[in-house]
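Structure data follow from query.cif (mmCIF, C-alpha atoms):
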data_start
loop_
_atom_site.label_atom_id
_atom_site.label_comp_id
_atom_site.auth_asym_id
_atom_site.auth_seq_id
_atom_site.Cartn_x
_atom_site.Cartn_y
_atom_site.Cartn_z
CA MET I 1 51.85 239.06 -115.86
CA THR I 2 53.59 235.83 -116.94
CA ASP I 3 51.88 232.70 -118.24
CA LEU I 4 52.25 231.12 -114.79
CA GLU I 5 50.71 234.04 -112.88
CA VAL I 6 47.03 233.81 -112.08
CA PRO I 7 45.17 236.45 -110.01
CA GLY I 8 44.79 235.21 -106.44
CA TYR I 9 47.18 232.31 -106.89
CA THR I 10 50.94 231.98 -106.52
CA LEU I 11 52.94 228.90 -107.38
CA PRO I 12 54.36 227.63 -104.06
CA HIS I 13 57.59 226.25 -105.56
CA THR I 14 59.37 225.95 -108.85
CA PRO I 15 57.69 223.01 -110.63
CA GLU I 16 59.62 219.77 -110.50
CA PRO I 17 60.69 218.23 -113.83
CA PHE I 18 57.81 216.27 -115.28
CA ASP I 19 58.24 212.49 -115.03
CA ALA I 20 55.24 210.34 -115.87
CA ARG I 21 57.09 207.02 -115.54
CA PRO I 22 55.55 204.84 -112.83
CA PHE I 23 58.62 202.59 -112.44
CA ALA I 24 62.39 202.83 -112.27
CA VAL I 25 64.32 202.21 -115.48
CA SER I 26 65.74 199.06 -113.92
CA GLU I 27 62.21 197.61 -113.83
CA TYR I 28 61.81 198.13 -117.57
CA ILE I 29 65.21 196.61 -118.27
CA ASN I 30 64.25 193.53 -116.26
CA ARG I 31 61.03 193.18 -118.24
CA LEU I 32 62.92 193.52 -121.53
CA GLU I 33 65.37 190.83 -120.48
CA ARG I 34 62.54 188.43 -119.64
CA VAL I 35 60.87 189.10 -122.99
CA GLN I 36 64.13 188.57 -124.87
CA HIS I 37 64.73 185.35 -122.94
CA ALA I 38 61.29 184.13 -124.08
CA MET I 39 62.13 185.21 -127.64
CA SER I 40 65.37 183.23 -127.52
CA SER I 41 63.55 180.10 -126.37
CA ARG I 42 61.31 180.39 -129.44
CA GLY I 43 64.10 181.17 -131.88
CA LEU I 44 62.83 184.68 -132.68
CA ASN I 45 65.07 187.31 -134.28
CA ALA I 46 62.66 190.17 -133.60
CA LEU I 47 59.29 190.87 -132.02
CA MET I 48 56.88 193.58 -133.13
CA VAL I 49 54.64 194.72 -130.27
CA ALA I 50 51.40 196.56 -131.14
CA ASP I 51 49.24 196.16 -128.02
CA PRO I 52 49.34 199.53 -126.18
CA ALA I 53 49.32 197.67 -122.84
CA ASN I 54 52.49 195.86 -123.89
CA LEU I 55 54.12 199.08 -125.12
CA TYR I 56 53.38 200.60 -121.72
CA TYR I 57 54.65 197.53 -119.90
CA LEU I 58 57.96 197.45 -121.79
CA THR I 59 58.70 201.18 -122.05
CA GLY I 60 56.25 203.25 -119.98
CA TYR I 61 54.87 204.87 -123.15
CA ASN I 62 51.39 206.15 -122.32
CA ALA I 63 49.22 208.20 -124.66
CA TRP I 64 45.88 208.04 -126.45
CA SER I 65 47.68 207.51 -129.73
CA PHE I 66 46.79 203.89 -130.43
CA TYR I 67 44.05 204.85 -132.91
CA THR I 68 46.84 205.24 -135.47
CA PRO I 69 49.44 202.53 -136.10
CA GLN I 70 52.26 202.38 -133.58
CA CYS I 71 54.56 199.62 -132.42
CA LEU I 72 57.67 198.65 -130.51
CA VAL I 73 60.25 196.50 -132.27
CA VAL I 74 62.22 194.34 -129.86
CA PRO I 75 65.41 192.78 -131.25
CA ALA I 76 66.80 189.50 -129.96
CA GLU I 77 69.54 191.54 -128.28
CA GLY I 78 69.84 195.23 -127.47
CA SER I 79 67.37 198.03 -126.92
CA PRO I 80 63.93 198.23 -128.55
CA HIS I 81 62.78 201.00 -130.85
CA LEU I 82 59.40 202.76 -130.68
CA PHE I 83 57.58 203.79 -133.87
CA ALA I 84 54.58 206.15 -133.82
CA ARG I 85 52.96 209.02 -135.65
CA ALA I 86 55.40 211.96 -135.78
CA MET I 87 53.28 214.24 -133.58
CA ASP I 88 53.16 211.50 -130.93
CA ALA I 89 56.77 210.41 -131.29
CA GLN I 90 58.11 213.90 -130.60
CA GLY I 91 56.85 213.75 -127.00
CA ALA I 92 57.04 210.04 -126.34
CA HIS I 93 60.18 210.48 -124.22
CA TRP I 94 58.06 212.11 -121.50
CA THR I 95 56.64 208.72 -120.62
CA ALA I 96 58.86 206.13 -122.36
CA TYR I 97 62.28 205.51 -120.79
CA LEU I 98 63.86 205.06 -124.25
CA GLU I 99 66.54 207.37 -125.59
CA ARG I 100 65.20 209.80 -128.18
CA THR I 101 67.36 208.09 -130.80
CA HIS I 102 65.21 205.00 -130.25
CA ILE I 103 61.91 206.82 -130.90
CA HIS I 104 60.85 207.33 -134.52
CA GLY I 105 57.91 209.21 -136.04
CA TYR I 106 56.41 208.47 -139.42
CA PRO I 107 55.42 211.47 -141.59
CA GLU I 108 51.91 212.86 -141.38
CA HIS I 109 51.11 212.06 -144.99
CA TYR I 110 51.04 208.35 -144.07
CA VAL I 111 48.03 208.85 -141.78
CA GLN I 112 44.74 207.36 -142.99
CA ARG I 113 45.58 206.98 -146.66
CA ALA I 114 44.14 204.37 -149.00
CA ASP I 115 47.29 204.04 -151.13
CA ILE I 116 50.00 203.87 -148.44
CA HIS I 117 50.14 202.71 -144.83
CA PRO I 118 52.30 203.71 -141.83
CA MET I 119 53.56 200.13 -141.62
CA ASP I 120 55.22 200.66 -145.01
CA TRP I 121 57.43 203.34 -143.46
CA ILE I 122 57.91 201.49 -140.16
CA THR I 123 59.05 198.30 -141.87
CA GLU I 124 61.59 200.11 -144.05
CA GLN I 125 62.96 202.02 -141.07
CA ALA I 126 63.21 198.84 -139.01
CA ARG I 127 65.17 197.19 -141.83
CA GLU I 128 67.56 200.16 -142.13
CA LEU I 129 68.16 200.06 -138.37
CA GLY I 130 68.93 196.35 -138.54
CA LEU I 131 65.93 195.41 -136.41
CA PHE I 132 64.35 193.33 -139.18
CA GLU I 133 66.68 191.04 -141.09
CA ASP I 134 65.02 189.96 -144.33
CA VAL I 135 66.97 186.78 -144.97
CA PRO I 136 65.98 183.09 -145.15
CA GLY I 137 65.84 181.61 -141.67
CA ALA I 138 65.06 184.89 -139.90
CA VAL I 139 61.89 184.73 -137.79
CA ILE I 140 59.91 187.84 -136.88
CA ALA I 141 57.00 187.52 -134.45
CA VAL I 142 54.02 189.84 -134.60
CA GLU I 143 51.09 190.33 -132.21
CA MET I 144 48.57 188.96 -134.71
CA ASP I 145 45.63 189.21 -132.31
CA ALA I 146 46.37 192.67 -130.88
CA HIS I 147 43.33 194.94 -131.16
CA TYR I 148 45.21 197.71 -132.95
CA PHE I 149 47.23 195.66 -135.42
CA SER I 150 45.09 195.70 -138.55
CA PRO I 151 45.05 193.36 -141.57
CA ARG I 152 46.28 196.27 -143.71
CA GLY I 153 49.19 196.72 -141.35
CA PHE I 154 50.07 193.05 -141.66
CA PHE I 155 49.90 193.12 -145.46
CA ALA I 156 52.16 196.19 -145.54
CA LEU I 157 54.67 194.47 -143.26
CA HIS I 158 54.52 191.21 -145.21
CA SER I 159 54.97 192.90 -148.59
CA ARG I 160 58.34 194.33 -147.52
CA LEU I 161 59.77 191.18 -146.02
CA ALA I 162 60.27 188.75 -148.87
CA HIS I 163 62.46 186.16 -147.13
CA ALA I 164 61.98 186.34 -143.35
CA ALA I 165 59.24 184.24 -141.76
CA ILE I 166 56.48 186.19 -140.02
CA VAL I 167 54.82 184.28 -137.18
CA ASP I 168 52.29 184.92 -134.45
CA SER I 169 53.81 185.98 -131.13
CA VAL I 170 51.01 184.08 -129.34
CA GLU I 171 50.79 186.80 -126.67
CA LEU I 172 54.46 186.42 -125.69
CA VAL I 173 54.62 189.72 -123.78
CA ASN I 174 51.19 189.14 -122.21
CA TRP I 175 52.45 185.90 -120.67
CA VAL I 176 55.55 187.64 -119.31
CA ARG I 177 53.20 190.19 -117.73
CA ALA I 178 51.20 187.51 -115.92
CA VAL I 179 53.43 187.49 -112.82
CA LYS I 180 53.54 190.96 -111.28
CA SER I 181 56.68 192.39 -109.69
CA PRO I 182 56.48 193.79 -106.12
CA ALA I 183 56.21 197.31 -107.58
CA GLU I 184 53.35 196.23 -109.84
CA GLN I 185 51.60 194.52 -106.94
CA GLU I 186 51.48 197.86 -105.12
CA LYS I 187 49.84 199.47 -108.17
CA MET I 188 47.24 196.68 -108.15
CA ARG I 189 46.49 197.26 -104.46
CA VAL I 190 45.92 200.96 -105.09
CA ALA I 191 43.63 200.12 -108.02
CA GLY I 192 41.69 197.81 -105.70
CA ARG I 193 41.20 200.56 -103.13
CA ILE I 194 39.97 202.91 -105.85
CA ALA I 195 37.54 200.25 -107.12
CA SER I 196 36.05 199.83 -103.65
CA THR I 197 35.61 203.59 -103.29
CA VAL I 198 33.99 203.86 -106.72
CA MET I 199 31.57 201.02 -105.99
CA GLN I 200 30.39 202.78 -102.83
CA VAL I 201 29.75 205.92 -104.90
CA ALA I 202 27.76 203.83 -107.38
CA MET I 203 25.65 202.21 -104.66
CA ASP I 204 24.90 205.57 -103.07
CA ALA I 205 23.95 207.06 -106.45
CA ILE I 206 21.48 204.36 -107.49
CA GLU I 207 17.99 205.47 -106.54
CA VAL I 208 14.51 204.98 -107.97
CA GLY I 209 13.83 207.63 -110.62
CA ARG I 210 17.42 208.64 -111.23
CA ARG I 211 18.61 208.45 -114.81
CA GLN I 212 21.17 205.78 -115.52
CA CYS I 213 23.45 208.38 -117.12
CA ASP I 214 23.41 210.46 -113.93
CA VAL I 215 24.62 207.47 -111.94
CA VAL I 216 27.38 206.75 -114.45
CA ALA I 217 28.50 210.40 -114.35
CA GLU I 218 29.17 210.02 -110.62
CA ILE I 219 30.97 206.71 -111.20
CA GLN I 220 33.29 208.20 -113.82
CA HIS I 221 33.99 211.22 -111.63
CA ALA I 222 34.97 208.90 -108.78
CA GLN I 223 37.17 206.79 -111.06
CA ALA I 224 39.19 209.86 -112.04
CA LEU I 225 39.43 211.15 -108.45
CA GLY I 226 40.89 207.90 -107.11
CA SER I 227 41.25 207.26 -103.40
CA HIS I 228 43.39 208.35 -100.44
CA HIS I 229 45.24 211.05 -102.40
CA LEU I 230 46.19 208.51 -105.09
CA GLY I 231 44.80 209.57 -108.43
CA GLY I 232 42.60 207.44 -110.64
CA ASP I 233 42.93 206.82 -114.34
CA TYR I 234 40.51 206.19 -117.20
CA PRO I 235 39.34 202.56 -117.41
CA ALA I 236 39.85 200.31 -120.41
CA ILE I 237 36.11 199.55 -120.26
CA VAL I 238 33.42 202.09 -119.44
CA PRO I 239 31.03 201.41 -116.53
CA MET I 240 28.51 198.71 -117.37
CA LEU I 241 25.00 199.03 -115.98
CA PRO I 242 22.54 196.41 -117.29
CA THR I 243 19.18 197.12 -115.65
CA GLY I 244 15.90 195.27 -115.24
CA GLN I 245 15.32 192.58 -117.87
CA SER I 246 18.51 193.66 -119.67
CA ALA I 247 20.49 192.56 -116.60
CA GLY I 248 20.38 189.10 -118.14
CA THR I 249 22.74 190.38 -120.84
CA PRO I 250 26.35 191.26 -119.88
CA HIS I 251 28.39 194.16 -121.24
CA LEU I 252 25.52 196.61 -121.70
CA THR I 253 26.37 200.18 -120.76
CA TRP I 254 23.69 202.76 -119.89
CA SER I 255 20.95 204.99 -121.26
CA ASP I 256 19.11 208.08 -120.06
CA ALA I 257 16.18 205.97 -118.80
CA PRO I 258 15.24 206.27 -115.11
CA LEU I 259 15.84 203.46 -112.66
CA VAL I 260 12.62 201.63 -111.79
CA ARG I 261 11.46 200.28 -108.44
CA GLY I 262 11.52 196.51 -108.31
CA GLU I 263 14.24 196.15 -110.95
CA PRO I 264 17.75 194.91 -110.23
CA THR I 265 20.83 196.62 -111.67
CA THR I 266 24.24 195.06 -112.11
CA ILE I 267 27.26 197.36 -111.80
CA GLU I 268 30.66 196.48 -113.24
CA ILE I 269 33.44 199.03 -112.87
CA ALA I 270 37.18 199.14 -112.33
CA GLY I 271 39.54 201.12 -110.18
CA VAL I 272 42.55 202.16 -112.25
CA HIS I 273 45.92 203.49 -111.11
CA ARG I 274 48.80 204.08 -113.52
CA ARG I 275 46.97 201.84 -116.04
CA TYR I 276 46.72 198.92 -113.58
CA HIS I 277 43.12 197.71 -113.30
CA ALA I 278 41.15 196.13 -110.48
CA PRO I 279 37.58 195.40 -111.68
CA LEU I 280 34.66 194.98 -109.29
CA ALA I 281 31.02 194.01 -109.86
CA ARG I 282 27.95 194.02 -107.65
CA THR I 283 24.16 193.83 -108.04
CA VAL I 284 21.62 196.09 -106.37
CA ALA I 285 17.85 195.57 -106.15
CA LEU I 286 15.60 198.61 -105.83
CA GLY I 287 13.00 197.01 -103.61
CA ARG I 288 12.45 193.43 -102.52
CA PRO I 289 14.20 191.04 -104.95
CA HIS I 290 12.34 188.07 -106.42
CA ALA I 291 13.08 184.75 -104.73
CA GLU I 292 15.18 183.28 -107.55
CA LEU I 293 17.49 186.31 -107.63
CA ALA I 294 18.04 186.11 -103.88
CA ARG I 295 18.69 182.37 -104.07
CA CYS I 296 21.17 182.88 -106.91
CA ALA I 297 23.00 185.57 -104.94
CA ASP I 298 23.49 183.23 -102.00
CA ALA I 299 24.72 180.43 -104.27
CA VAL I 300 27.23 182.71 -105.98
CA THR I 301 28.65 183.97 -102.67
CA GLU I 302 29.17 180.38 -101.53
CA GLY I 303 30.74 179.52 -104.88
CA LEU I 304 33.13 182.45 -104.68
CA HIS I 305 34.36 181.38 -101.25
CA ALA I 306 34.79 177.81 -102.49
CA ALA I 307 36.91 179.05 -105.40
CA LEU I 308 39.05 181.27 -103.16
CA GLU I 309 39.74 178.36 -100.80
CA VAL I 310 41.23 176.37 -103.69
CA MET I 311 43.01 179.30 -105.32
CA GLY I 312 46.70 179.64 -104.53
CA PRO I 313 50.16 178.76 -105.81
CA GLY I 314 50.21 175.32 -107.39
CA ALA I 315 46.50 175.20 -108.16
CA THR I 316 45.40 175.08 -111.79
CA GLY I 317 42.78 177.29 -113.38
CA ARG I 318 40.53 174.28 -113.91
CA GLU I 319 40.66 173.38 -110.19
CA VAL I 320 39.51 176.87 -109.22
CA HIS I 321 36.71 176.67 -111.78
CA ALA I 322 35.65 173.23 -110.57
CA ALA I 323 35.37 174.42 -106.96
CA PHE I 324 32.93 177.15 -108.00
CA ALA I 325 30.98 174.93 -110.41
CA ASP I 326 30.55 172.14 -107.86
CA SER I 327 29.40 174.60 -105.21
CA ILE I 328 26.67 176.28 -107.26
CA ALA I 329 25.57 172.93 -108.69
CA ARG I 330 24.52 171.88 -105.20
CA ARG I 331 22.12 174.83 -105.32
CA GLY I 332 20.84 173.88 -108.75
CA PHE I 333 22.79 176.47 -110.79
CA TYR I 334 25.15 176.13 -113.73
CA LYS I 335 27.49 178.66 -115.35
CA GLU I 336 28.76 177.99 -118.87
CA SER I 337 31.26 180.84 -119.25
CA ARG I 338 34.62 181.20 -117.51
CA ILE I 339 34.69 182.55 -113.96
CA GLY I 340 37.79 184.72 -114.22
CA TYR I 341 40.83 185.87 -116.14
CA SER I 342 44.24 187.43 -115.64
CA ILE I 343 44.38 191.22 -115.17
CA GLY I 344 46.96 193.98 -114.84
CA VAL I 345 47.77 196.77 -117.31
CA GLY I 346 44.81 197.69 -119.50
CA TYR I 347 43.92 199.94 -122.42
CA PRO I 348 40.64 200.15 -124.34
CA PRO I 349 38.88 197.99 -125.30
CA ASP I 350 39.81 195.44 -122.61
CA TRP I 351 41.29 195.22 -119.12
CA GLY I 352 42.05 191.48 -119.36
CA GLU I 353 45.53 190.19 -120.22
CA ARG I 354 44.23 187.58 -122.72
CA THR I 355 46.27 184.77 -121.17
CA ILE I 356 44.92 182.71 -118.24
CA SER I 357 41.21 181.97 -117.94
CA LEU I 358 39.59 180.25 -114.97
CA ARG I 359 37.60 177.61 -116.85
CA ALA I 360 37.23 173.85 -117.10
CA GLU I 361 40.01 173.45 -119.71
CA GLU I 362 42.65 175.70 -118.11
CA GLN I 363 45.81 173.77 -117.19
CA THR I 364 47.98 176.76 -116.24
CA VAL I 365 49.44 176.47 -112.75
CA LEU I 366 48.91 179.61 -110.65
CA ALA I 367 51.95 181.38 -109.20
CA PRO I 368 52.50 184.19 -106.67
CA GLY I 369 52.10 187.61 -108.27
CA MET I 370 49.37 186.60 -110.71
CA CYS I 371 46.24 188.76 -110.50
CA PHE I 372 42.71 187.81 -111.52
CA HIS I 373 39.26 189.24 -111.95
CA ILE I 374 36.99 186.54 -110.55
CA ILE I 375 33.71 187.33 -112.28
CA MET I 376 30.63 185.43 -111.14
CA GLY I 377 28.08 186.56 -113.71
CA MET I 378 24.83 184.59 -113.87
CA TRP I 379 22.93 185.77 -116.94
CA MET I 380 19.44 184.31 -117.08
CA GLU I 381 16.37 184.85 -119.25
CA GLY I 382 15.00 188.25 -118.25
CA TRP I 383 17.23 188.75 -115.20
CA GLY I 384 20.82 188.50 -114.09
CA TYR I 385 23.11 188.59 -111.11
CA GLU I 386 26.73 189.66 -111.06
CA MET I 387 29.38 189.72 -108.35
CA SER I 388 33.15 189.87 -108.80
CA GLU I 389 36.40 190.44 -106.96
CA SER I 390 39.94 191.31 -108.00
CA VAL I 391 42.48 189.08 -106.29
CA MET I 392 46.21 188.37 -106.26
CA VAL I 393 47.86 185.00 -105.75
CA THR I 394 50.35 185.11 -102.86
CA ALA I 395 52.94 182.69 -101.52
CA ASP I 396 50.42 181.16 -99.13
CA GLY I 397 47.04 181.71 -100.78
CA VAL I 398 45.18 184.65 -102.24
CA GLU I 399 44.82 188.34 -101.38
CA GLN I 400 41.63 190.23 -102.16
CA LEU I 401 42.48 193.57 -103.76
CA THR I 402 38.93 194.89 -103.50
CA ASP I 403 37.02 195.37 -100.26
CA PHE I 404 33.27 195.80 -100.57
CA PRO I 405 30.38 193.89 -98.93
CA GLN I 406 29.54 190.77 -100.90
CA GLY I 407 26.12 189.51 -101.85
CA LEU I 408 23.03 191.24 -103.15
CA THR I 409 22.49 194.85 -102.05
CA VAL I 410 18.83 195.71 -101.42
CA LYS I 411 17.72 199.34 -101.35
CA THR I 412 14.12 199.91 -100.28
#

Could you render the structure from this file as structure tokens?
Amino acid sequence: MTDLEVPGYTLPHTPEPFDARPFAVSEYINRLERVQHAMSSRGLNALMVADPANLYYLTGYNAWSFYTPQCLVVPAEGSPHLFARAMDAQGAHWTAYLERTHIHGYPEHYVQRADIHPMDWITEQARELGLFEDVPGAVIAVEMDAHYFSPRGFFALHSRLAHAAIVDSVELVNWVRAVKSPAEQEKMRVAGRIASTVMQVAMDAIEVGRRQCDVVAEIQHAQALGSHHLGGDYPAIVPMLPTGQSAGTPHLTWSDAPLVRGEPTTIEIAGVHRRYHAPLARTVALGRPHAELARCADAVTEGLHAALEVMGPGATGREVHAAFADSIARRGFYKESRIGYSIGVGYPPDWGERTISLRAEEQTVLAPGMCFHIIMGMWMEGWGYEMSESVMVTADGVEQLTDFPQGLTVKT
């Protein structure tokens, strides 16, 4: 019996060559060209990319390897080079479109040492390859605010570049990502369908007496299954399930406590397909909701529709925010935090792009292909209400990526 033979099962065909890349190589080349154009406009000689979402966006590289230092070095001209731990680099070509000669692995003895750091090795290799030019006047941009670029990594980089200027990239790649290509838009639509399916599973699972962890287990199962034969992926943020009085605090996860009659629960999840995220939030009351919660739910629904009417190409983030704020104010409500942010590719710990926020100060003009999580969270003292949608700006308005009944769900 061979390794592929299993009793009672026969492979129907010879397996096709494995290809985990979600896009054609031409798509990645186009993205690289747009990033290098942005680099040129800023006078950058090189860009070091550490955000795993940006590595994925530029190369297709996709692995749970970001807990150790890794980066992509993009020169002003020519192809980028990927640097990762040796055990990860040896298989990176399965997902990244790069030639193997452009993928480099640092030795294992650099991993989690107090006296040396992987960025020591990466910087030296980048210099030898001509990616980093350590001369006066050279400018190298680094993703200073990326979650997985540590202060130690920066100090190691800085110590080996005596003459070049090191500057903050100010989310250069993130801003290029803001407008989605037609191929990306299709990934977002699939993610939206998965989110809607997952939310229905969550609503069906929430019952008086059930443990919160049991509900979340069904949510996570549904997230992985996906929808309509299109597989799901792991989300950048785990399901959030603030319950009862804790519903007044966002970003809480779950416990093994049972759900209680009379208490509301907010559910925030995401559908994920090929790392593209479409978040969705709803609130469910187990029993008759108190009057203020019901009144808040109605106000938020009206505010959402007001925001969507304004949202479209040419509108600014502040105008969308103002439409929502003015609407709920007429009902006597006020929301201090932003009401949305740009979304797309996501890796833990966040599914936001860290670029455009829908808030009072946002001057960015919206354009077709931008995608947003419009999050209407009202977090009060001892209670809360949350409803959200994932949407995409189109040439003539806005397209909702998620499709689930709006408003407060009441289960008696």

Matched chain/residue IDs from the PyMOL selection byres ((chain I and resi 220) around 12), as a VMD selection string:
chain I and resid 194 to 195 197 to 199 201 to 202 205 213 to 219 221 to 226 232 to 235 237 to 240 269 to 272

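Note that the spacing between CA of Arg21 in chain I and CA of Tyr57 in chain I amounts to 10.7 Å.
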
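Picked out by the PyMOL selection byres ((chain I and resi 143) around 6) when it runs on this file: Val49, Val142, Met144, Asp145, Ala146, Asp168 and Ser169 of chain I.
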
Do you know which residues are at most 6 Å from range 391-396 of chain I counting all atoms listed in the file, after dropping those on the same chain fewer than 6 positions away, and could you put them as an NGL selection string?
:I and (312 or 368-372)

Please write the residues from the selection above to a file, keeping C-alpha atoms, as an mmCIF file, in the coordinates of the input.
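Wrote it out as again03.cif, contents follow:
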data_model
loop_
_atom_site.group_PDB
_atom_site.id
_atom_site.type_symbol
_atom_site.label_atom_id
_atom_site.label_comp_id
_atom_site.auth_asym_id
_atom_site.auth_seq_id
_atom_site.Cartn_x
_atom_site.Cartn_y
_atom_site.Cartn_z
ATOM 1 C CA GLY I 312 46.700 179.640 -104.530
ATOM 2 C CA PRO I 368 52.500 184.190 -106.670
ATOM 3 C CA GLY I 369 52.100 187.610 -108.270
ATOM 4 C CA MET I 370 49.370 186.600 -110.710
ATOM 5 C CA CYS I 371 46.240 188.760 -110.500
ATOM 6 C CA PHE I 372 42.710 187.810 -111.520
#

I'd like the residues picked by the PyMOL selection byres ((chain I and resi 117) around 12) written out as a PyMOL selection string, using the chain letters and numbers from the file.
chain I and resi 68-70+85+106-116+118-124+150-157+159

Of the candidates I:Trp383, I:Asn30, I:Arg282, I:Ala325, which shows the shortest atom-to-atom distance to Glu302 in chain I, using only C-alpha atoms?
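Ranked by minimum distance to Glu302 in chain I, first place goes to I:Ala325.
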
Give the answer as one residue: which of I:Gly303, I:Gly137, I:Pro289, I:Pro258 has the shortest atom-to-atom distance to Tyr334 in chain I, using all atoms listed in the file?
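Between I:Gly303, I:Gly137, I:Pro289, I:Pro258, the residue approaching Tyr334 in chain I most closely is I:Gly303.
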
Selected residue, from I:Glu99, I:Glu353, I:Asp403, I:Glu133, that lies nearest to Leu82 in chain I when counting only C-alpha atoms:
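Among the listed residues, I:Glu99 lies closest to Leu82 in chain I.
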
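Going from CA of Gly192 in chain I over to CA of Pro242 in chain I, you cover 22.4 Å.
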
Residues near range 338-343 of chain I, cut-off 7 Å, only C-alpha atoms, skip fewer than 5 positions along chain, as a PyMOL selection string
chain I and resi 178+277+321+351-353+355-359+371-376

Take the residues just selected and output them with C-alpha atoms as a PDB file, keeping the file's coordinate frame.
ATOM      1  CA  ALA I 178      51.200 187.510-115.920  1.00  0.00           C
ATOM      2  CA  HIS I 277      43.120 197.710-113.300  1.00  0.00           C
ATOM      3  CA  HIS I 321      36.710 176.670-111.780  1.00  0.00           C
ATOM      4  CA  TRP I 351      41.290 195.220-119.120  1.00  0.00           C
ATOM      5  CA  GLY I 352      42.050 191.480-119.360  1.00  0.00           C
ATOM      6  CA  GLU I 353      45.530 190.190-120.220  1.00  0.00           C
ATOM      7  CA  THR I 355      46.270 184.770-121.170  1.00  0.00           C
ATOM      8  CA  ILE I 356      44.920 182.710-118.240  1.00  0.00           C
ATOM      9  CA  SER I 357      41.210 181.970-117.940  1.00  0.00           C
ATOM     10  CA  LEU I 358      39.590 180.250-114.970  1.00  0.00           C
ATOM     11  CA  ARG I 359      37.600 177.610-116.850  1.00  0.00           C
ATOM     12  CA  CYS I 371      46.240 188.760-110.500  1.00  0.00           C
ATOM     13  CA  PHE I 372      42.710 187.810-111.520  1.00  0.00           C
ATOM     14  CA  HIS I 373      39.260 189.240-111.950  1.00  0.00           C
ATOM     15  CA  ILE I 374      36.990 186.540-110.550  1.00  0.00           C
ATOM     16  CA  ILE I 375      33.710 187.330-112.280  1.00  0.00           C
ATOM     17  CA  MET I 376      30.630 185.430-111.140  1.00  0.00           C
TER      18      MET I 376
END

Reconstruct N, CA and C atoms of range 86-100 of chain I; output as a PDB file, in the coordinates of the input.
ATOM      1  N   ALA I  86      54.388 210.954-136.100  1.00  0.00           N
ATOM      2  CA  ALA I  86      55.400 211.960-135.780  1.00  0.00           C
ATOM      3  C   ALA I  86      54.965 212.871-134.626  1.00  0.00           C
ATOM      4  N   MET I  87      53.720 213.326-134.635  1.00  0.00           N
ATOM      5  CA  MET I  87      53.280 214.240-133.580  1.00  0.00           C
ATOM      6  C   MET I  87      53.258 213.569-132.215  1.00  0.00           C
ATOM      7  N   ASP I  88      53.119 212.238-132.189  1.00  0.00           N
ATOM      8  CA  ASP I  88      53.160 211.500-130.930  1.00  0.00           C
ATOM      9  C   ASP I  88      54.592 211.146-130.550  1.00  0.00           C
ATOM     10  N   ALA I  89      55.389 210.806-131.547  1.00  0.00           N
ATOM     11  CA  ALA I  89      56.770 210.410-131.290  1.00  0.00           C
ATOM     12  C   ALA I  89      57.586 211.546-130.691  1.00  0.00           C
ATOM     13  N   GLN I  90      57.281 212.788-131.065  1.00  0.00           N
ATOM     14  CA  GLN I  90      58.110 213.900-130.600  1.00  0.00           C
ATOM     15  C   GLN I  90      58.033 214.108-129.089  1.00  0.00           C
ATOM     16  N   GLY I  91      56.959 213.621-128.450  1.00  0.00           N
ATOM     17  CA  GLY I  91      56.850 213.750-127.000  1.00  0.00           C
ATOM     18  C   GLY I  91      56.846 212.441-126.260  1.00  0.00           C
ATOM     19  N   ALA I  92      57.131 211.352-126.975  1.00  0.00           N
ATOM     20  CA  ALA I  92      57.040 210.040-126.340  1.00  0.00           C
ATOM     21  C   ALA I  92      58.051 209.856-125.217  1.00  0.00           C
ATOM     22  N   HIS I  93      59.155 210.617-125.260  1.00  0.00           N
ATOM     23  CA  HIS I  93      60.180 210.480-124.220  1.00  0.00           C
ATOM     24  C   HIS I  93      59.699 210.943-122.853  1.00  0.00           C
ATOM     25  N   TRP I  94      58.587 211.677-122.801  1.00  0.00           N
ATOM     26  CA  TRP I  94      58.060 212.110-121.500  1.00  0.00           C
ATOM     27  C   TRP I  94      57.555 210.928-120.688  1.00  0.00           C
ATOM     28  N   THR I  95      57.117 209.894-121.355  1.00  0.00           N
ATOM     29  CA  THR I  95      56.640 208.720-120.620  1.00  0.00           C
ATOM     30  C   THR I  95      57.520 207.494-120.851  1.00  0.00           C
ATOM     31  N   ALA I  96      58.012 207.289-122.064  1.00  0.00           N
ATOM     32  CA  ALA I  96      58.860 206.130-122.360  1.00  0.00           C
ATOM     33  C   ALA I  96      60.283 206.379-121.849  1.00  0.00           C
ATOM     34  N   TYR I  97      60.915 205.361-121.303  1.00  0.00           N
ATOM     35  CA  TYR I  97      62.280 205.510-120.790  1.00  0.00           C
ATOM     36  C   TYR I  97      63.311 205.514-121.909  1.00  0.00           C
ATOM     37  N   LEU I  98      62.919 205.210-123.130  1.00  0.00           N
ATOM     38  CA  LEU I  98      63.860 205.060-124.250  1.00  0.00           C
ATOM     39  C   LEU I  98      64.583 206.364-124.574  1.00  0.00           C
ATOM     40  N   GLU I  99      65.814 206.215-125.068  1.00  0.00           N
ATOM     41  CA  GLU I  99      66.540 207.370-125.590  1.00  0.00           C
ATOM     42  C   GLU I  99      65.796 207.906-126.818  1.00  0.00           C
ATOM     43  N   ARG I 100      65.910 209.208-127.036  1.00  0.00           N
ATOM     44  CA  ARG I 100      65.200 209.800-128.180  1.00  0.00           C
ATOM     45  C   ARG I 100      65.649 209.196-129.503  1.00  0.00           C
TER      46      ARG I 100
END
